[in-house]
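This is target22.cif. It holds mmCIF, C-alpha atoms and all ligand atoms.
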data_coords
loop_
_atom_site.label_atom_id
_atom_site.label_comp_id
_atom_site.auth_asym_id
_atom_site.auth_seq_id
_atom_site.Cartn_x
_atom_site.Cartn_y
_atom_site.Cartn_z
CA MET A 1 -9.01 -42.34 -17.00
CA VAL A 2 -9.50 -41.25 -13.42
CA GLY A 3 -10.48 -43.61 -10.63
CA SER A 4 -9.59 -44.45 -7.04
CA ALA A 5 -9.61 -47.39 -4.66
CA ASP A 6 -12.35 -45.99 -2.39
CA ASN A 7 -14.64 -45.28 -5.30
CA ASP A 8 -14.74 -47.35 -8.46
CA MET A 9 -16.35 -44.72 -10.68
CA GLU A 10 -14.17 -43.93 -13.66
CA MET A 11 -14.23 -40.93 -15.95
CA THR A 12 -12.42 -40.58 -19.25
CA ARG A 13 -10.91 -37.25 -20.29
CA GLU A 14 -13.58 -36.99 -22.98
CA GLU A 15 -16.35 -37.51 -20.42
CA PHE A 16 -14.81 -34.89 -18.14
CA MET A 17 -14.79 -32.36 -21.00
CA MET A 18 -18.38 -33.25 -21.88
CA ILE A 19 -19.79 -32.64 -18.41
CA ARG A 20 -17.43 -29.74 -17.68
CA ASP A 21 -18.47 -27.87 -20.86
CA PHE A 22 -22.13 -28.58 -20.14
CA ILE A 23 -21.83 -27.15 -16.61
CA HIS A 24 -20.01 -24.11 -17.96
CA GLU A 25 -22.47 -23.45 -20.75
CA ARG A 26 -25.48 -23.66 -18.44
CA SER A 27 -24.23 -22.13 -15.17
CA GLY A 28 -21.09 -20.17 -16.01
CA ILE A 29 -19.10 -22.28 -13.52
CA TYR A 30 -15.82 -23.34 -15.08
CA PHE A 31 -13.69 -26.27 -13.98
CA GLY A 32 -10.10 -26.19 -15.25
CA GLU A 33 -8.24 -29.39 -16.16
CA ASN A 34 -6.83 -29.56 -12.62
CA LYS A 35 -10.37 -29.90 -11.22
CA GLU A 36 -11.03 -33.29 -12.85
CA TYR A 37 -10.88 -35.13 -9.50
CA LEU A 38 -13.23 -32.67 -7.90
CA VAL A 39 -15.87 -33.14 -10.62
CA ARG A 40 -15.53 -36.88 -10.44
CA ASN A 41 -15.84 -36.97 -6.66
CA ARG A 42 -18.86 -34.73 -6.63
CA LEU A 43 -20.68 -36.81 -9.26
CA SER A 44 -19.86 -40.28 -8.02
CA LYS A 45 -22.39 -40.59 -5.19
CA ARG A 46 -25.22 -39.11 -7.21
CA MET A 47 -24.51 -41.50 -10.09
CA ALA A 48 -24.42 -44.44 -7.68
CA ASP A 49 -27.80 -43.36 -6.21
CA LEU A 50 -29.27 -43.22 -9.70
CA GLY A 51 -27.65 -46.52 -10.71
CA ILE A 52 -25.86 -44.78 -13.59
CA LYS A 53 -22.51 -46.34 -14.46
CA THR A 54 -20.78 -43.88 -16.79
CA VAL A 55 -20.39 -40.09 -16.81
CA ARG A 56 -21.49 -40.14 -20.46
CA ASP A 57 -24.82 -41.70 -19.43
CA TYR A 58 -25.18 -39.21 -16.60
CA PHE A 59 -24.46 -36.38 -19.05
CA TYR A 60 -27.35 -37.48 -21.30
CA HIS A 61 -29.56 -38.02 -18.26
CA VAL A 62 -29.08 -34.45 -17.05
CA LYS A 63 -28.98 -32.85 -20.49
CA TYR A 64 -32.31 -34.26 -21.65
CA ASP A 65 -34.21 -33.91 -18.37
CA VAL A 66 -36.66 -31.21 -19.43
CA SER A 67 -37.97 -30.83 -15.87
CA LEU A 68 -34.49 -29.49 -14.93
CA LYS A 69 -34.74 -31.52 -11.72
CA GLU A 70 -31.46 -33.30 -12.35
CA PHE A 71 -29.78 -30.07 -13.47
CA ASN A 72 -30.78 -28.50 -10.15
CA ARG A 73 -29.36 -31.52 -8.31
CA LEU A 74 -26.16 -31.19 -10.31
CA MET A 75 -25.88 -27.50 -9.38
CA THR A 76 -26.20 -28.38 -5.71
CA LEU A 77 -23.33 -30.86 -6.21
CA VAL A 78 -20.92 -28.63 -8.10
CA THR A 79 -21.33 -25.29 -6.34
CA THR A 80 -19.13 -24.13 -3.48
CA ASN A 81 -21.36 -22.51 -0.88
CA GLU A 82 -18.93 -21.27 1.73
CA THR A 83 -20.25 -18.17 3.50
CA SER A 84 -20.72 -16.65 6.96
CA PHE A 85 -22.40 -13.75 8.73
CA PHE A 86 -20.55 -10.43 8.50
CA ARG A 87 -18.07 -11.85 6.00
CA ASN A 88 -15.44 -9.27 5.05
CA GLU A 89 -16.20 -6.88 7.88
CA PRO A 90 -14.28 -3.82 6.58
CA GLN A 91 -16.39 -3.90 3.42
CA LEU A 92 -19.64 -4.20 5.39
CA HIS A 93 -18.52 -1.44 7.72
CA CYS A 94 -17.97 0.68 4.64
CA PHE A 95 -21.47 -0.19 3.42
CA SER A 96 -23.02 0.65 6.78
CA GLU A 97 -21.06 3.77 7.69
CA GLU A 98 -20.26 5.36 4.34
CA VAL A 99 -22.33 3.99 1.47
CA LEU A 100 -25.72 3.74 3.18
CA PRO A 101 -25.61 7.25 4.66
CA ALA A 102 -24.70 8.63 1.21
CA LEU A 103 -27.57 6.68 -0.39
CA ILE A 104 -30.04 7.83 2.27
CA GLU A 105 -28.95 11.46 1.98
CA LYS A 106 -29.49 11.31 -1.75
CA LYS A 107 -32.94 9.78 -1.32
CA LEU A 108 -33.92 12.37 1.27
CA GLN A 109 -33.48 15.02 -1.40
CA SER A 110 -36.32 13.55 -3.42
CA PRO A 111 -39.49 12.88 -1.39
CA ALA A 112 -40.69 10.26 -3.87
CA SER A 113 -37.88 7.78 -3.17
CA ARG A 114 -37.85 6.35 0.34
CA HIS A 115 -37.06 2.81 -0.77
CA VAL A 116 -33.67 1.06 -0.65
CA LYS A 117 -33.22 -1.95 -2.90
CA ILE A 118 -30.28 -4.32 -2.50
CA TRP A 119 -29.46 -7.42 -4.54
CA SER A 120 -27.46 -10.29 -3.04
CA ALA A 121 -26.54 -12.33 -6.13
CA GLY A 122 -25.28 -15.80 -5.21
CA CYS A 123 -26.53 -15.59 -1.61
CA SER A 124 -25.77 -19.20 -0.63
CA THR A 125 -27.40 -20.19 2.70
CA GLY A 126 -28.58 -16.65 3.46
CA GLU A 127 -25.92 -15.23 5.77
CA GLU A 128 -25.04 -12.39 3.38
CA PRO A 129 -28.58 -11.03 2.80
CA TYR A 130 -29.51 -11.46 6.48
CA THR A 131 -26.35 -9.57 7.47
CA LEU A 132 -27.36 -6.79 5.08
CA ALA A 133 -30.88 -6.78 6.54
CA MET A 134 -29.50 -6.35 10.08
CA ILE A 135 -27.25 -3.52 8.93
CA MET A 136 -30.21 -1.82 7.25
CA LEU A 137 -32.39 -2.19 10.34
CA GLU A 138 -29.69 -0.56 12.45
CA ARG A 139 -29.01 2.25 10.02
CA LEU A 140 -32.63 3.04 9.21
CA LYS A 141 -33.67 3.33 12.89
CA SER A 142 -33.11 7.06 12.62
CA TYR A 143 -34.92 7.33 9.27
CA PRO A 144 -38.55 6.32 9.79
CA GLY A 145 -40.58 5.95 6.63
CA PHE A 146 -37.87 4.19 4.62
CA THR A 147 -38.67 0.77 3.18
CA VAL A 148 -36.12 -1.92 2.37
CA GLU A 149 -36.08 -4.77 -0.13
CA ILE A 150 -33.27 -7.30 -0.33
CA ILE A 151 -33.46 -9.63 -3.30
CA ALA A 152 -31.40 -12.75 -2.71
CA ASN A 153 -30.90 -15.59 -5.14
CA ASP A 154 -28.82 -18.63 -5.85
CA ILE A 155 -28.64 -21.46 -8.37
CA SER A 156 -28.67 -24.17 -5.68
CA GLU A 157 -32.11 -25.15 -4.36
CA ALA A 158 -30.49 -26.82 -1.34
CA VAL A 159 -28.85 -23.63 -0.06
CA LEU A 160 -32.06 -21.67 -0.66
CA ARG A 161 -33.99 -24.13 1.50
CA LYS A 162 -31.55 -23.53 4.33
CA ALA A 163 -31.63 -19.77 3.76
CA ARG A 164 -35.43 -19.65 4.00
CA GLN A 165 -35.28 -21.69 7.19
CA GLY A 166 -32.94 -19.10 8.71
CA GLU A 167 -31.48 -21.29 11.45
CA TYR A 168 -27.76 -21.27 12.10
CA ALA A 169 -25.16 -22.68 14.49
CA GLY A 170 -21.40 -22.81 14.87
CA MET A 171 -18.66 -21.05 12.93
CA THR A 172 -20.92 -19.10 10.59
CA LEU A 173 -21.98 -16.94 13.56
CA ARG A 174 -18.43 -16.18 14.73
CA ASN A 175 -18.44 -12.55 13.55
CA VAL A 176 -21.89 -11.66 14.89
CA ARG A 177 -21.56 -9.22 17.77
CA PRO A 178 -23.37 -10.32 20.99
CA GLU A 179 -25.81 -7.38 20.82
CA PHE A 180 -26.77 -8.39 17.27
CA LEU A 181 -27.24 -12.00 18.37
CA ASN A 182 -29.62 -10.79 21.10
CA ARG A 183 -31.48 -8.29 18.96
CA TYR A 184 -31.92 -10.19 15.71
CA PHE A 185 -31.86 -13.92 16.60
CA THR A 186 -33.89 -16.25 18.79
CA LYS A 187 -31.84 -18.89 20.58
CA LEU A 188 -33.05 -22.48 20.09
CA GLY A 189 -30.80 -24.86 21.99
CA ASP A 190 -27.42 -24.71 20.23
CA SER A 191 -28.69 -22.78 17.24
CA TYR A 192 -30.00 -19.32 16.48
CA ARG A 193 -33.03 -18.46 14.36
CA VAL A 194 -33.17 -15.17 12.46
CA LYS A 195 -36.06 -13.05 13.80
CA PRO A 196 -39.10 -12.38 11.59
CA GLU A 197 -38.33 -8.65 11.20
CA VAL A 198 -35.00 -9.57 9.59
CA LYS A 199 -36.55 -12.28 7.41
CA ALA A 200 -39.28 -9.92 6.27
CA LEU A 201 -36.73 -7.75 4.44
CA VAL A 202 -35.29 -10.58 2.34
CA LYS A 203 -36.93 -12.20 -0.67
CA PHE A 204 -35.20 -15.44 -1.66
CA SER A 205 -35.63 -16.89 -5.14
CA HIS A 206 -33.95 -19.38 -7.41
CA MET A 207 -31.93 -17.76 -10.16
CA ASN A 208 -29.22 -18.85 -12.55
CA LEU A 209 -27.05 -15.77 -13.05
CA ASN A 210 -25.92 -17.22 -16.35
CA GLU A 211 -29.43 -16.91 -17.74
CA PRO A 212 -29.50 -13.22 -18.66
CA ARG A 213 -33.24 -13.25 -19.45
CA LYS A 214 -33.96 -13.95 -15.79
CA SER A 215 -31.38 -11.74 -14.10
CA TYR A 216 -32.30 -8.80 -16.34
CA VAL A 217 -35.70 -8.58 -14.66
CA ILE A 218 -34.04 -6.95 -11.65
CA SER A 219 -33.69 -3.20 -11.99
CA ALA A 220 -33.33 0.00 -9.98
CA ALA A 221 -31.03 -1.58 -7.36
CA ASP A 222 -29.16 0.81 -5.06
CA ALA A 223 -26.44 -1.72 -4.30
CA ILE A 224 -25.49 -5.15 -5.60
CA PHE A 225 -23.44 -7.68 -3.66
CA CYS A 226 -21.98 -10.43 -5.82
CA ARG A 227 -19.16 -11.60 -3.59
CA ASN A 228 -17.16 -14.77 -4.09
CA VAL A 229 -19.41 -15.96 -6.91
CA MET A 230 -17.72 -14.80 -10.12
CA ILE A 231 -14.45 -16.46 -9.04
CA TYR A 232 -16.02 -19.71 -10.27
CA PHE A 233 -16.92 -18.30 -13.72
CA SER A 234 -14.97 -17.89 -16.93
CA ASP A 235 -14.05 -14.35 -18.06
CA GLY A 236 -16.67 -14.36 -20.83
CA VAL A 237 -19.44 -15.13 -18.34
CA ARG A 238 -18.08 -12.54 -15.87
CA LYS A 239 -18.12 -9.82 -18.54
CA GLN A 240 -21.70 -10.51 -19.51
CA LEU A 241 -22.83 -10.74 -15.90
CA VAL A 242 -21.15 -7.48 -14.88
CA ARG A 243 -22.87 -5.74 -17.83
CA GLY A 244 -26.17 -7.04 -16.44
CA PHE A 245 -25.32 -5.80 -12.93
CA TYR A 246 -24.42 -2.40 -14.32
CA ASN A 247 -27.79 -2.13 -16.04
CA ALA A 248 -29.63 -3.31 -12.91
CA LEU A 249 -28.14 -0.52 -10.78
CA ASN A 250 -29.57 2.94 -10.32
CA PRO A 251 -27.21 5.73 -11.42
CA GLY A 252 -24.84 6.26 -8.48
CA GLY A 253 -25.49 2.68 -7.28
CA TYR A 254 -22.75 0.55 -5.70
CA PHE A 255 -21.31 -2.82 -6.68
CA PHE A 256 -19.57 -5.00 -4.07
CA ILE A 257 -17.40 -7.96 -5.05
CA GLY A 258 -15.28 -10.31 -2.92
CA HIS A 259 -12.07 -9.00 -1.38
CA SER A 260 -9.87 -11.13 -3.64
CA GLU A 261 -11.80 -10.18 -6.80
CA THR A 262 -11.34 -7.35 -9.27
CA LEU A 263 -13.12 -5.94 -12.33
CA HIS A 264 -9.75 -5.37 -13.98
CA GLY A 265 -10.00 -6.83 -17.48
CA ILE A 266 -13.74 -7.44 -17.00
CA SER A 267 -15.39 -4.03 -17.09
CA LYS A 268 -14.43 -0.37 -17.33
CA ALA A 269 -17.95 0.85 -16.80
CA PHE A 270 -17.66 1.34 -13.04
CA LYS A 271 -15.82 4.02 -11.14
CA LEU A 272 -13.54 2.73 -8.37
CA VAL A 273 -14.22 4.79 -5.24
CA TYR A 274 -11.71 4.93 -2.39
CA LEU A 275 -13.55 5.00 0.91
CA LYS A 276 -12.12 4.82 4.41
CA ASN A 277 -12.87 1.14 4.95
CA ALA A 278 -12.89 -0.41 1.50
CA LEU A 279 -12.67 0.03 -2.24
CA VAL A 280 -16.09 0.14 -3.85
CA TYR A 281 -17.25 0.12 -7.45
CA GLN A 282 -19.86 2.71 -8.30
CA LYS A 283 -22.00 3.36 -11.36
CA GLU A 284 -21.46 6.92 -12.53
CA VAL A 285 -24.41 9.18 -11.81
CA ALA A 286 -24.81 9.97 -15.49
CA GLY A 287 -22.82 6.98 -16.73
CA VAL A 288 -23.03 5.00 -19.92
CA ALA A 289 -22.15 1.29 -19.84
CA GLY A 290 -18.80 0.52 -21.42
CA GLN A 291 -17.29 3.99 -20.94
CA PRO A 292 -14.06 4.22 -19.00
CA ARG A 293 -13.88 5.54 -15.46
CA LYS A 294 -13.44 9.31 -15.31
CA THR A 295 -11.50 9.56 -12.04
CA THR A 296 -7.78 8.83 -12.05
CA PRO A 297 -6.65 6.94 -8.97
CA PRO A 298 -2.99 6.81 -7.98
CA GLN A 299 -1.13 4.40 -10.25
CA GLU A 300 0.08 2.18 -7.42
CA ILE A 301 -3.52 1.71 -6.24
CA LEU A 302 -4.60 0.72 -9.72
CA ALA A 303 -1.78 -1.77 -9.94
CA CYS A 304 -2.80 -3.25 -6.60
CA ALA A 305 -6.48 -3.31 -7.45
CA SER A 306 -5.72 -5.53 -10.43
CA GLY A 307 -3.74 -7.89 -8.23
CA GLY A 308 -6.08 -8.04 -5.23
CA ALA A 309 -8.18 -5.55 -3.33
CA GLN A 310 -6.61 -6.45 0.02
CA ARG A 311 -3.19 -5.20 -1.05
CA ALA A 312 -4.80 -2.03 -2.35
CA LEU A 313 -6.58 -1.60 0.97
CA ASP A 314 -3.26 -1.79 2.83
CA LEU A 315 -1.95 1.00 0.64
CA LEU A 316 -5.14 2.98 0.99
CA SER A 317 -4.83 3.01 4.75
CA LYS A 318 -1.73 5.15 4.20
CA ILE A 319 -3.42 7.85 2.11
CA LYS A 320 -6.07 10.46 2.80
CA PRO A 321 -9.58 9.04 2.30
CA VAL A 322 -11.92 10.43 -0.34
CA THR A 323 -15.66 10.55 0.31
CA ALA A 324 -18.06 8.87 -2.12
CA ARG A 325 -19.60 11.11 -4.76
CA THR A 326 -23.27 10.30 -5.15
C1 LIG A 401 -18.97 -19.08 -2.19
S1 LIG A 401 -20.68 -18.75 -2.22
C2 LIG A 401 -20.71 -17.03 -1.84
C3 LIG A 401 -21.82 -16.66 -0.91
C4 LIG A 401 -21.85 -15.19 -0.48
N1 LIG A 401 -22.05 -14.33 -1.61
C5 LIG A 401 -20.62 -14.83 0.28
O1 LIG A 401 -19.74 -14.14 -0.25
O2 LIG A 401 -20.48 -15.24 1.43
C6 LIG A 401 -21.03 -18.77 -3.98
C7 LIG A 401 -22.50 -18.98 -4.29
O3 LIG A 401 -22.74 -18.68 -5.67
C8 LIG A 401 -23.73 -19.57 -6.14
N2 LIG A 401 -23.69 -19.66 -7.63
C9 LIG A 401 -22.73 -20.24 -8.39
N3 LIG A 401 -23.08 -20.16 -9.69
C10 LIG A 401 -24.26 -19.49 -9.74
C11 LIG A 401 -25.12 -19.10 -10.80
N4 LIG A 401 -24.84 -19.37 -12.09
N5 LIG A 401 -26.26 -18.45 -10.50
C12 LIG A 401 -26.58 -18.16 -9.19
N6 LIG A 401 -25.80 -18.52 -8.16
C13 LIG A 401 -24.65 -19.17 -8.43
C14 LIG A 401 -23.37 -20.89 -5.47
O4 LIG A 401 -24.45 -21.79 -5.43
C15 LIG A 401 -22.92 -20.43 -4.08
O5 LIG A 401 -23.95 -20.53 -3.13
#
Take the structure I supplied and represent it as structure tokens, if you would.
Ligand SMILES: C[S@@+](CC[C@H](N)C(=O)[O-])C[C@H]1O[C@@H](n2cnc3c(N)ncnc32)[C@H](O)[C@@H]1O
Amino acid sequence: MVGSADNDMEMTREEFMMIRDFIHERSGIYFGENKEYLVRNRLSKRMADLGIKTVRDYFYHVKYDVSLKEFNRLMTLVTTNETSFFRNEPQLHCFSEEVLPALIEKKLQSPASRHVKIWSAGCSTGEEPYTLAMIMLERLKSYPGFTVEIIANDISEAVLRKARQGEYAGMTLRNVRPEFLNRYFTKLGDSYRVKPEVKALVKFSHMNLNEPRKSYVISAADAIFCRNVMIYFSDGVRKQLVRGFYNALNPGGYFFIGHSETLHGISKAFKLVYLKNALVYQKEVAGVAGQPRKTTPPQEILACASGGAQRALDLLSKIKPVTART
């Protein structure tokens, strides 16, 4: 039984398992035994607002709400939405200076394809897709005639509301260069609003990545960003999701994950490409899902990649860079 002086809500171990397994089954988010307090704290206020006394009653309330309204509320409570503009700069620099030029070059070879499609999966309050939109606007200045589509989705309705609003202040803007602030934001007192030309590139929608029927509708993406999202999922969910991402990518498309994440033990379908600024996963041009990578990276890099991309990056800075094959 878990309870505390400042909050009299109690939760038995059985109730914790009930709600924890329900959240996992529906959303993919997995809370280990050590997260019992966190679950309890996040539920307590909502239960008090609803006048529900036990977690068991709340479980039935959310489980049998066919409108999914309470499930959506629950997702807003249990998700971690930390994000910021230009998060993981070396990776974004790599996208802007190495990946995008390679993608554009490839598209220039076929007059029919002048469209770049990016998917920001688990976009939180919008900083990631808006950052990508600004990068695209900069890069595509010298390539008139290209169109851009950034699909951005999240399971939390609350973060999507904020994302659509596009108004930001404080720490989230700390990595935005002054010229970007001037060019792509309008200042409103202490906050900054994303300009319409940036907003126009991003389509926000609600999506549960653990519902394959919905996420499978996205196809022909040139790059997918799913950063700092799968860390909350169990391995089984990660494996299924990464298979879906693989299928959603164009041949030669790129897959970006968070700097502390790895596909080691999750998928062998992607090729790990060593670029100057970051490690990037790429779908083989003529690849088949489930087949092992064909390139053989140095063993010490592989060992590092399984233990954390940052350590691998440190090592990479000491070796000669290899350009992306597209
Ligand atoms: C820590 S944020 C990462 C935001 C951004 N990608 C970044 O790296 O800055 C994780 C986001 O994943 C979302 N998320 C968690 N489970 C999800 C699911 N099953 N489907 C869609 N989004 C999910 C959360 O709501 C949260 O906004």
With 3 Å of padding per side, what axis-aligned box (centre and edge lengths, Å, one decimal) covers all the listed atoms of range 17-28 of chain A? Give it as AutoDock Vina command-line options.
--center_x -20.1 --center_y -26.7 --center_z -18.5 --size_x 16.7 --size_y 19.1 --size_z 12.7
Which residues form the shell of 8 Å around ligand LIG 401 (chain A) when you count all atoms listed in the file, given as JSON, numbers by chain? {"A": [26, 27, 28, 29, 75, 76, 79, 80, 81, 82, 83, 84, 85, 87, 120, 121, 122, 123, 124, 125, 126, 127, 128, 153, 154, 155, 156, 159, 206, 207, 208, 209, 210, 211, 225, 226, 227, 228, 229, 230, 232, 233, 258]}
To one decimal place in Å, what is the distance between CA of Arg193 in chain A and CA of Pro90 in chain A? 25.0 Å
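Proximity of A:Phe146, A:Glu25, A:Gly244, A:Ala152 to Pro111 in chain A, computed with all atoms listed in the file, is greatest for A:Phe146.
Proximity of A:Ile150, A:Leu181, A:Met134, A:Val99 to Gly253 in chain A, computed with only C-alpha atoms, is greatest for A:Val99.
Atom pair CA of Tyr130 in chain A / CA of Val194 in chain A has a distance of 7.9 Å (rounded to one decimal).
Note that the spacing between CA of Glu10 in chain A and CA of Thr54 in chain A amounts to 7.3 Å.
Proximity to Ile19 in chain A was assessed for A:Tyr58, A:Arg42, A:Pro101, A:Glu33 counting only C-alpha atoms; the smallest distance is recorded for A:Tyr58.
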Might you pull out every residue within 7 Å of range 165-171 of chain A, with only C-alpha atoms counted and same-chain residues fewer than 3 positions away left off, and present them as a list in words? Arg161, Lys162, Arg174, Asp190, Ser191, Tyr192, Arg193 and Val194 of chain A
Quick one: of A:His264, A:His24, A:Arg238, A:Arg13, who's nearest to Arg40 in chain A, counting all atoms listed in the file? A:Arg13
Is it possible to get the residues within 12 Å of (-33.0, 2.9, 10.1) (coordinates as in the file, counting all atoms listed in the file) written as a VMD selection string? chain A and resid 96 100 to 101 104 114 to 116 133 to 148
Can you tell me which residues surround Gln240 in chain A at a distance of at most 9 Å, considering all atoms listed in the file, apart from same-chain residues fewer than 4 positions away, and format the answer as an MDAnalysis selection string? chainID A and resid 210 212 235:236 244:245 266
Excluding Val39 in chain A and any residue of its chain fewer than 5 positions from it, enumerate the residues within 9 Å of it, using all atoms listed in the file, and give them as a ChimeraX atom specification. /A:16,19-20,31,44,77-78
Would you save the residues from that selection as a PDB file, in the coordinates of the input, using C-alpha atoms?
ATOM      1  CA  PHE A  16     -14.810 -34.890 -18.140  1.00  0.00           C
ATOM      2  CA  ILE A  19     -19.790 -32.640 -18.410  1.00  0.00           C
ATOM      3  CA  ARG A  20     -17.430 -29.740 -17.680  1.00  0.00           C
ATOM      4  CA  PHE A  31     -13.690 -26.270 -13.980  1.00  0.00           C
ATOM      5  CA  SER A  44     -19.860 -40.280  -8.020  1.00  0.00           C
ATOM      6  CA  LEU A  77     -23.330 -30.860  -6.210  1.00  0.00           C
ATOM      7  CA  VAL A  78     -20.920 -28.630  -8.100  1.00  0.00           C
TER       8      VAL A  78
END
